[in-house]
Structure formats: C-alpha cells, structure tokens
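Novice: You'll find work-v1.csv just under this line, and it carries CSV, N, CA and C atoms.
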chain,number,residue,atom,x,y,z
X,4,MET,N,3.4,-31.1,56.9
X,4,MET,CA,2.5,-30.4,57.8
X,4,MET,C,3.0,-30.5,59.2
X,5,THR,N,3.9,-29.7,59.5
X,5,THR,CA,4.4,-29.7,60.9
X,5,THR,C,4.4,-28.4,61.5
X,6,ARG,N,3.5,-27.5,61.0
X,6,ARG,CA,3.4,-26.2,61.5
X,6,ARG,C,2.3,-26.2,62.7
X,7,LYS,N,2.7,-25.7,63.8
X,7,LYS,CA,1.8,-25.7,65.0
X,7,LYS,C,0.6,-24.9,64.6
X,8,ARG,N,-0.5,-25.4,65.1
X,8,ARG,CA,-1.8,-24.6,65.0
X,8,ARG,C,-2.0,-23.7,66.2
X,9,VAL,N,-1.4,-22.5,66.1
X,9,VAL,CA,-1.3,-21.6,67.3
X,9,VAL,C,-2.7,-21.2,67.7
X,10,ASN,N,-3.7,-21.0,66.7
X,10,ASN,CA,-5.0,-20.6,67.1
X,10,ASN,C,-5.7,-21.7,67.9
X,11,LEU,N,-5.5,-23.0,67.5
X,11,LEU,CA,-6.1,-24.1,68.2
X,11,LEU,C,-5.5,-24.2,69.6
X,12,ILE,N,-4.2,-24.0,69.8
X,12,ILE,CA,-3.5,-24.0,71.1
X,12,ILE,C,-4.1,-22.9,71.9
X,13,SER,N,-4.1,-21.7,71.4
X,13,SER,CA,-4.6,-20.5,72.2
X,13,SER,C,-6.0,-20.6,72.6
X,14,ALA,N,-6.9,-21.2,71.7
X,14,ALA,CA,-8.3,-21.4,72.1
X,14,ALA,C,-8.4,-22.3,73.3
X,15,ARG,N,-7.6,-23.4,73.3
X,15,ARG,CA,-7.6,-24.3,74.5
X,15,ARG,C,-7.1,-23.6,75.7
X,16,LYS,N,-6.0,-22.9,75.6
X,16,LYS,CA,-5.4,-22.2,76.8
X,16,LYS,C,-6.3,-21.1,77.3
X,17,LYS,N,-7.1,-20.4,76.4
X,17,LYS,CA,-8.0,-19.4,76.8
X,17,LYS,C,-9.1,-20.0,77.7
X,18,LYS,N,-9.5,-21.2,77.4
X,18,LYS,CA,-10.5,-21.9,78.2
X,18,LYS,C,-9.9,-22.6,79.4
X,19,LYS,N,-8.5,-22.4,79.6
X,19,LYS,CA,-7.8,-23.0,80.7
X,19,LYS,C,-8.0,-24.5,80.8
X,20,LEU,N,-7.9,-25.2,79.7
X,20,LEU,CA,-8.1,-26.6,79.6
X,20,LEU,C,-6.8,-27.3,79.2
X,21,THR,N,-6.6,-28.5,79.7
X,21,THR,CA,-5.5,-29.3,79.3
X,21,THR,C,-5.8,-30.1,78.0
X,22,ILE,N,-4.8,-30.6,77.4
X,22,ILE,CA,-5.0,-31.4,76.2
X,22,ILE,C,-5.9,-32.6,76.5
X,23,ARG,N,-5.6,-33.2,77.7
X,23,ARG,CA,-6.4,-34.4,78.1
X,23,ARG,C,-7.9,-34.0,78.3
X,24,ALA,N,-8.2,-32.9,78.9
X,24,ALA,CA,-9.5,-32.5,79.1
X,24,ALA,C,-10.3,-32.3,77.8
X,25,VAL,N,-9.7,-31.6,76.9
X,25,VAL,CA,-10.3,-31.4,75.6
X,25,VAL,C,-10.5,-32.7,74.8
X,26,ALA,N,-9.5,-33.5,74.8
X,26,ALA,CA,-9.6,-34.8,74.2
X,26,ALA,C,-10.8,-35.6,74.8
X,27,LYS,N,-10.9,-35.6,76.1
X,27,LYS,CA,-12.0,-36.3,76.7
X,27,LYS,C,-13.4,-35.8,76.3
X,28,GLN,N,-13.5,-34.5,76.2
X,28,GLN,CA,-14.8,-33.9,75.8
X,28,GLN,C,-15.1,-34.2,74.4
X,29,LEU,N,-14.1,-34.4,73.6
X,29,LEU,CA,-14.3,-34.7,72.1
X,29,LEU,C,-14.4,-36.2,71.9
X,30,HIS,N,-14.1,-37.0,72.9
X,30,HIS,CA,-14.1,-38.4,72.8
X,30,HIS,C,-13.1,-38.9,71.8
X,31,ILE,N,-11.9,-38.3,71.9
X,31,ILE,CA,-10.7,-38.8,71.1
X,31,ILE,C,-9.5,-39.0,72.0
X,32,SER,N,-8.5,-39.6,71.5
X,32,SER,CA,-7.3,-39.8,72.4
X,32,SER,C,-6.5,-38.5,72.6
X,33,LYS,N,-5.8,-38.5,73.7
X,33,LYS,CA,-5.0,-37.3,74.1
X,33,LYS,C,-3.9,-37.1,73.0
X,34,SER,N,-3.3,-38.2,72.6
X,34,SER,CA,-2.3,-38.1,71.6
X,34,SER,C,-2.8,-37.6,70.2
X,35,SER,N,-4.0,-38.0,69.9
X,35,SER,CA,-4.6,-37.5,68.6
X,35,SER,C,-4.8,-36.0,68.7
X,36,TYR,N,-5.4,-35.5,69.8
X,36,TYR,CA,-5.6,-34.1,69.9
X,36,TYR,C,-4.3,-33.3,69.9
X,37,SER,N,-3.3,-33.9,70.6
X,37,SER,CA,-2.0,-33.2,70.7
X,37,SER,C,-1.4,-33.2,69.3
X,38,ASN,N,-1.5,-34.2,68.5
X,38,ASN,CA,-1.0,-34.2,67.1
X,38,ASN,C,-1.7,-33.2,66.3
X,39,TYR,N,-3.0,-33.0,66.5
X,39,TYR,CA,-3.7,-31.9,65.8
X,39,TYR,C,-3.2,-30.5,66.1
X,40,GLU,N,-2.9,-30.3,67.4
X,40,GLU,CA,-2.4,-29.0,67.8
X,40,GLU,C,-1.0,-28.8,67.3
X,41,GLN,N,-0.2,-29.8,67.3
X,41,GLN,CA,1.2,-29.7,66.9
X,41,GLN,C,1.4,-29.7,65.3
X,42,GLY,N,0.3,-29.9,64.6
X,42,GLY,CA,0.3,-29.9,63.2
X,42,GLY,C,0.9,-31.2,62.6
X,43,LYS,N,1.0,-32.2,63.4
X,43,LYS,CA,1.6,-33.5,62.9
X,43,LYS,C,0.5,-34.3,62.2
X,44,ARG,N,-0.7,-34.1,62.5
X,44,ARG,CA,-1.8,-34.8,61.8
X,44,ARG,C,-3.0,-33.8,61.6
X,45,ARG,N,-3.8,-34.1,60.6
X,45,ARG,CA,-5.0,-33.3,60.3
X,45,ARG,C,-6.2,-34.1,60.7
X,46,PRO,N,-7.1,-33.6,61.5
X,46,PRO,CA,-8.2,-34.3,61.9
X,46,PRO,C,-9.2,-34.6,60.7
X,47,ARG,N,-10.0,-35.6,60.8
X,47,ARG,CA,-11.0,-35.9,59.8
X,47,ARG,C,-12.0,-34.7,59.9
X,48,LYS,N,-12.7,-34.5,58.8
X,48,LYS,CA,-13.7,-33.4,58.8
X,48,LYS,C,-14.6,-33.4,60.0
X,49,PHE,N,-15.2,-34.5,60.3
X,49,PHE,CA,-16.2,-34.5,61.4
X,49,PHE,C,-15.6,-34.1,62.7
X,50,ILE,N,-14.3,-34.5,62.9
X,50,ILE,CA,-13.7,-34.2,64.2
X,50,ILE,C,-13.3,-32.7,64.2
X,51,ALA,N,-12.8,-32.2,63.0
X,51,ALA,CA,-12.5,-30.8,62.9
X,51,ALA,C,-13.8,-29.9,63.2
X,52,PHE,N,-14.9,-30.4,62.7
X,52,PHE,CA,-16.2,-29.7,63.0
X,52,PHE,C,-16.5,-29.7,64.4
X,53,GLU,N,-16.3,-30.9,65.1
X,53,GLU,CA,-16.6,-31.0,66.5
X,53,GLU,C,-15.6,-30.1,67.3
X,54,ILE,N,-14.4,-30.0,66.9
X,54,ILE,CA,-13.4,-29.1,67.6
X,54,ILE,C,-13.9,-27.6,67.5
X,55,CYS,N,-14.4,-27.3,66.3
X,55,CYS,CA,-14.8,-25.9,66.0
X,55,CYS,C,-16.1,-25.6,66.9
X,56,LYS,N,-17.0,-26.6,66.9
X,56,LYS,CA,-18.2,-26.4,67.8
X,56,LYS,C,-17.8,-26.3,69.2
X,57,PHE,N,-16.8,-27.1,69.7
X,57,PHE,CA,-16.4,-27.0,71.1
X,57,PHE,C,-15.9,-25.6,71.4
X,58,TYR,N,-15.1,-25.1,70.6
X,58,TYR,CA,-14.5,-23.7,70.8
X,58,TYR,C,-15.4,-22.6,70.3
X,59,ASN,N,-16.4,-22.9,69.6
X,59,ASN,CA,-17.3,-21.9,69.0
X,59,ASN,C,-16.5,-20.9,68.1
X,60,LYS,N,-15.7,-21.5,67.3
X,60,LYS,CA,-14.9,-20.8,66.3
X,60,LYS,C,-15.0,-21.4,65.0
X,61,PRO,N,-14.9,-20.6,63.9
X,61,PRO,CA,-15.0,-21.2,62.5
X,61,PRO,C,-13.6,-21.9,62.2
X,62,MET,N,-13.8,-22.8,61.2
X,62,MET,CA,-12.6,-23.6,60.7
X,62,MET,C,-11.5,-22.6,60.2
X,63,THR,N,-11.9,-21.5,59.6
X,63,THR,CA,-11.0,-20.6,59.0
X,63,THR,C,-10.1,-19.9,60.1
X,64,VAL,N,-10.5,-20.0,61.4
X,64,VAL,CA,-9.8,-19.4,62.5
X,64,VAL,C,-8.9,-20.5,63.1
X,65,LEU,N,-9.5,-21.6,63.4
X,65,LEU,CA,-8.7,-22.7,64.1
X,65,LEU,C,-7.8,-23.5,63.2
X,66,PHE,N,-8.2,-23.6,62.0
X,66,PHE,CA,-7.3,-24.3,61.0
X,66,PHE,C,-7.0,-23.4,59.8
X,67,SER,N,-6.5,-22.2,60.2
X,67,SER,CA,-6.2,-21.2,59.2
X,67,SER,C,-5.2,-21.6,58.1
X,68,GLY,N,-5.4,-21.3,56.9
X,68,GLY,CA,-4.5,-21.6,55.8
X,68,GLY,C,-4.6,-23.1,55.3
X,69,GLU,N,-5.6,-23.8,55.9
X,69,GLU,CA,-5.8,-25.2,55.5
X,69,GLU,C,-7.1,-25.3,54.8
X,70,PRO,N,-7.1,-25.5,53.5
X,70,PRO,CA,-8.4,-25.7,52.7
X,70,PRO,C,-9.2,-26.9,53.2
X,71,LEU,N,-10.5,-26.7,53.3
X,71,LEU,CA,-11.4,-27.7,53.8
X,71,LEU,C,-11.3,-29.0,53.0
X,72,GLU,N,-11.0,-29.0,51.7
X,72,GLU,CA,-10.9,-30.2,50.9
X,72,GLU,C,-9.7,-31.1,51.3
X,73,LEU,N,-8.7,-30.5,52.1
X,73,LEU,CA,-7.6,-31.3,52.5
X,73,LEU,C,-8.0,-32.2,53.7
X,74,PHE,N,-9.1,-32.0,54.4
X,74,PHE,CA,-9.5,-32.8,55.5
X,74,PHE,C,-10.2,-34.0,55.0
X,75,LYS,N,-9.8,-35.2,55.5
X,75,LYS,CA,-10.4,-36.4,55.0
X,75,LYS,C,-11.9,-36.5,55.5
X,76,VAL,N,-12.7,-37.1,54.6
X,76,VAL,CA,-14.1,-37.3,54.9
X,76,VAL,C,-14.3,-38.5,55.8
X,77,GLY,N,-15.3,-38.4,56.6
X,77,GLY,CA,-15.7,-39.5,57.4
X,77,GLY,C,-16.8,-39.1,58.3
X,78,LYS,N,-18.0,-39.7,58.0
X,78,LYS,CA,-19.2,-39.3,58.8
X,78,LYS,C,-19.2,-39.8,60.2
X,79,THR,N,-18.8,-41.0,60.3
X,79,THR,CA,-18.8,-41.6,61.7
X,79,THR,C,-17.5,-42.3,61.9
X,80,ARG,N,-17.1,-42.5,63.1
X,80,ARG,CA,-15.8,-43.2,63.4
X,80,ARG,C,-15.9,-44.6,63.0
X,81,GLY,N,-14.9,-45.0,62.2
X,81,GLY,CA,-14.8,-46.4,61.8
X,81,GLY,C,-15.8,-46.8,60.7
X,82,GLY,N,-16.5,-45.8,60.1
X,82,GLY,CA,-17.4,-46.0,59.0
X,82,GLY,C,-16.7,-46.3,57.7
X,83,ALA,N,-17.5,-46.6,56.7
X,83,ALA,CA,-16.9,-46.9,55.4
X,83,ALA,C,-16.2,-45.7,54.8
X,84,ASN,N,-16.6,-44.5,55.1
X,84,ASN,CA,-15.9,-43.3,54.6
X,84,ASN,C,-14.7,-42.9,55.4
X,85,ASP,N,-14.4,-43.7,56.5
X,85,ASP,CA,-13.4,-43.3,57.4
X,85,ASP,C,-12.1,-44.1,57.3
X,86,VAL,N,-11.7,-44.4,56.1
X,86,VAL,CA,-10.6,-45.3,55.9
X,86,VAL,C,-9.4,-44.4,55.4
X,87,GLU,N,-8.2,-44.8,55.7
X,87,GLU,CA,-7.0,-44.1,55.3
X,87,GLU,C,-6.8,-44.2,53.8
Show this structure as structure tokens.

Specialist:
Amino acid sequence: MTRKRVNLISARKKKKLTIRAVAKQLHISKSSYSNYEQGKRRPRKFIAFEICKFYNKPMTVLFSGEPLELFKVGKTRGGANDVE
C-alpha cells in the first residue's frame, strides 16, 4: 500500500490547509496524517471516519478502492480494540 491518496491530498489542498493544521484538528501526529496521505499507512476506522467528517466527504471518495473491512477497528485511542 504505497499508492498516494490523491483525493485526500486534494481535499486538504482545497481547504488550503497544511498537513500540520489538519493533524492538529484531528488530534493526531503530523507524521501519521502524512503517512495516510502518502498511502504508507491506513488509518484506524475511527480516525478514517473523523477524516471524512472533517472534509465532509464519504470514505468511498477519500479512500477510494480501499474496502472498509481493511481498516483496523478501534473505538477509542489506546483501547482494547486498538491493538496491532
């Protein structure tokens, strides 16, 4: 999974935001968000949903071609369901 998520990148650029600004809004690290955009990592489901809410776009647009079941489950950060 090293294909850039161009829709995620363009959504951020359309809002004229930096990676750091988006990461701060989502309460995640800048490197994590950058890895999501670059396709190096897949966010957990709850973070992916937060990203979609932030941009007001569906998962099928921002994470096109990635089935929902591939995203790891985790209701809360550091919770029992949030282990690798």

Novice: Mind listing whatever residues come within 12 Å of the point (-7.9, -18.3, 62.4)? Use only C-alpha atoms, file coordinates, and give them as a list in words.

Specialist: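 Checked against the point, the hits come out as Arg8, Val9, Asn10, Leu11, Ile12, Ser13, Ala14, Cys55, Tyr58, Lys60, Pro61, Met62, Thr63, Val64, Leu65, Phe66, Ser67, Gly68 and Glu69 of chain X.
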
Novice: Let's have the selection written as a short mmCIF file (atom, residue, chain, number, x, y, z; two decimals), in the frame of the given file, with N, CA and C atoms.

Specialist:
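The result, stored in result-v1.cif:
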data_model
loop_
_atom_site.label_atom_id
_atom_site.label_comp_id
_atom_site.auth_asym_id
_atom_site.auth_seq_id
_atom_site.Cartn_x
_atom_site.Cartn_y
_atom_site.Cartn_z
N ARG X 8 -0.50 -25.40 65.10
CA ARG X 8 -1.80 -24.60 65.00
C ARG X 8 -2.00 -23.70 66.20
N VAL X 9 -1.40 -22.50 66.10
CA VAL X 9 -1.30 -21.60 67.30
C VAL X 9 -2.70 -21.20 67.70
N ASN X 10 -3.70 -21.00 66.70
CA ASN X 10 -5.00 -20.60 67.10
C ASN X 10 -5.70 -21.70 67.90
N LEU X 11 -5.50 -23.00 67.50
CA LEU X 11 -6.10 -24.10 68.20
C LEU X 11 -5.50 -24.20 69.60
N ILE X 12 -4.20 -24.00 69.80
CA ILE X 12 -3.50 -24.00 71.10
C ILE X 12 -4.10 -22.90 71.90
N SER X 13 -4.10 -21.70 71.40
CA SER X 13 -4.60 -20.50 72.20
C SER X 13 -6.00 -20.60 72.60
N ALA X 14 -6.90 -21.20 71.70
CA ALA X 14 -8.30 -21.40 72.10
C ALA X 14 -8.40 -22.30 73.30
N CYS X 55 -14.40 -27.30 66.30
CA CYS X 55 -14.80 -25.90 66.00
C CYS X 55 -16.10 -25.60 66.90
N TYR X 58 -15.10 -25.10 70.60
CA TYR X 58 -14.50 -23.70 70.80
C TYR X 58 -15.40 -22.60 70.30
N LYS X 60 -15.70 -21.50 67.30
CA LYS X 60 -14.90 -20.80 66.30
C LYS X 60 -15.00 -21.40 65.00
N PRO X 61 -14.90 -20.60 63.90
CA PRO X 61 -15.00 -21.20 62.50
C PRO X 61 -13.60 -21.90 62.20
N MET X 62 -13.80 -22.80 61.20
CA MET X 62 -12.60 -23.60 60.70
C MET X 62 -11.50 -22.60 60.20
N THR X 63 -11.90 -21.50 59.60
CA THR X 63 -11.00 -20.60 59.00
C THR X 63 -10.10 -19.90 60.10
N VAL X 64 -10.50 -20.00 61.40
CA VAL X 64 -9.80 -19.40 62.50
C VAL X 64 -8.90 -20.50 63.10
N LEU X 65 -9.50 -21.60 63.40
CA LEU X 65 -8.70 -22.70 64.10
C LEU X 65 -7.80 -23.50 63.20
N PHE X 66 -8.20 -23.60 62.00
CA PHE X 66 -7.30 -24.30 61.00
C PHE X 66 -7.00 -23.40 59.80
N SER X 67 -6.50 -22.20 60.20
CA SER X 67 -6.20 -21.20 59.20
C SER X 67 -5.20 -21.60 58.10
N GLY X 68 -5.40 -21.30 56.90
CA GLY X 68 -4.50 -21.60 55.80
C GLY X 68 -4.60 -23.10 55.30
N GLU X 69 -5.60 -23.80 55.90
CA GLU X 69 -5.80 -25.20 55.50
C GLU X 69 -7.10 -25.30 54.80
#

Novice: Report, in Å with one decimal, the straight-line distance from atom CA of Ser34 of chain X to atom C of Thr21 of chain X.

Specialist: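 Computing it gives 10.8 Å between the two atoms.
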
Novice: Where in segment 14-84 of chain X does DSSP assign helix (DSSP H, G or I), given as an NGL selection string?

Specialist: :X and (14-17 or 22-29 or 33-41 or 48-58 or 62-65 or 71-73)

Novice: State, in Å with one decimal place, the distance from atom C of Lys27 of chain X to atom C of Leu73 of chain X.

Specialist: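 Separating atom C of Lys27 of chain X from atom C of Leu73 of chain X is a distance of 23.5 Å.
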
Novice: Fewer than 6 positions away in the same chain doesn't count, so skip those; otherwise give me all residues within 8 Å of Val25 of chain X, counting all atoms listed in the file, as a PDB file with N, CA and C atoms, keeping the file's coordinate frame.

Specialist:
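Just written: result-v3.pdb:
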ATOM      1  N   ARG X  15      -7.600 -23.400  73.300  1.00  0.00           N
ATOM      2  CA  ARG X  15      -7.600 -24.300  74.500  1.00  0.00           C
ATOM      3  C   ARG X  15      -7.100 -23.600  75.700  1.00  0.00           C
ATOM      4  N   ILE X  31     -11.900 -38.300  71.900  1.00  0.00           N
ATOM      5  CA  ILE X  31     -10.700 -38.800  71.100  1.00  0.00           C
ATOM      6  C   ILE X  31      -9.500 -39.000  72.000  1.00  0.00           C
ATOM      7  N   SER X  32      -8.500 -39.600  71.500  1.00  0.00           N
ATOM      8  CA  SER X  32      -7.300 -39.800  72.400  1.00  0.00           C
ATOM      9  C   SER X  32      -6.500 -38.500  72.600  1.00  0.00           C
ATOM     10  N   LYS X  33      -5.800 -38.500  73.700  1.00  0.00           N
ATOM     11  CA  LYS X  33      -5.000 -37.300  74.100  1.00  0.00           C
ATOM     12  C   LYS X  33      -3.900 -37.100  73.000  1.00  0.00           C
ATOM     13  N   TYR X  36      -5.400 -35.500  69.800  1.00  0.00           N
ATOM     14  CA  TYR X  36      -5.600 -34.100  69.900  1.00  0.00           C
ATOM     15  C   TYR X  36      -4.300 -33.300  69.900  1.00  0.00           C
TER      16      TYR X  36
END

Novice: Report the distance between atom C of Ile22 of chain X and atom N of Glu72 of chain X in Å, rounded to one decimal place.

Specialist: 25.6 Å

Novice: With distances taken over all atoms listed in the file, which of X:Lys16, X:Lys7, X:Phe57, X:Phe74 is nearest to Arg45 of chain X?

Specialist: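 Among X:Lys16, X:Lys7, X:Phe57, X:Phe74, it is X:Phe74 that comes nearest to Arg45 of chain X.
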
Novice: Name all residues at most 7 Å from Lys48 of chain X (count only N, CA and C atoms; drop same-chain ones fewer than 5 positions away) and give them as a ChimeraX atom specification.

Specialist: /X:53,74-77

Novice: Taking the block above, write segment 40-65 of chain X with C-alpha atoms as a short mmCIF file (atom, residue, chain, number, x, y, z; two decimals), in the first residue's frame.

Specialist:
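What landed in part-v1.cif:
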data_model
loop_
_atom_site.label_atom_id
_atom_site.label_comp_id
_atom_site.auth_asym_id
_atom_site.auth_seq_id
_atom_site.Cartn_x
_atom_site.Cartn_y
_atom_site.Cartn_z
CA GLU X 40 -1.94 10.79 2.56
CA GLN X 41 1.13 9.08 1.12
CA GLY X 42 -0.54 5.67 1.36
CA LYS X 43 2.19 4.35 3.66
CA ARG X 44 -0.30 3.58 6.43
CA ARG X 45 -4.02 3.01 6.68
CA PRO X 46 -5.80 4.86 9.49
CA ARG X 47 -7.91 3.01 12.00
CA LYS X 48 -11.61 3.08 11.21
CA PHE X 49 -12.48 5.72 13.79
CA ILE X 50 -9.73 8.03 12.50
CA ALA X 51 -10.79 7.45 8.89
CA PHE X 52 -14.36 8.40 9.88
CA GLU X 53 -13.06 11.54 11.62
CA ILE X 54 -11.11 12.48 8.49
CA CYS X 55 -14.25 12.01 6.38
CA LYS X 56 -16.29 14.14 8.78
CA PHE X 57 -13.60 16.82 8.73
CA TYR X 58 -13.69 17.05 4.93
CA ASN X 59 -17.41 16.27 4.69
CA LYS X 60 -16.72 13.54 2.14
CA PRO X 61 -17.58 9.82 2.12
CA MET X 62 -14.97 7.11 2.62
CA THR X 63 -15.55 5.94 -0.94
CA VAL X 64 -14.16 9.27 -2.15
CA LEU X 65 -11.27 9.90 0.24
#
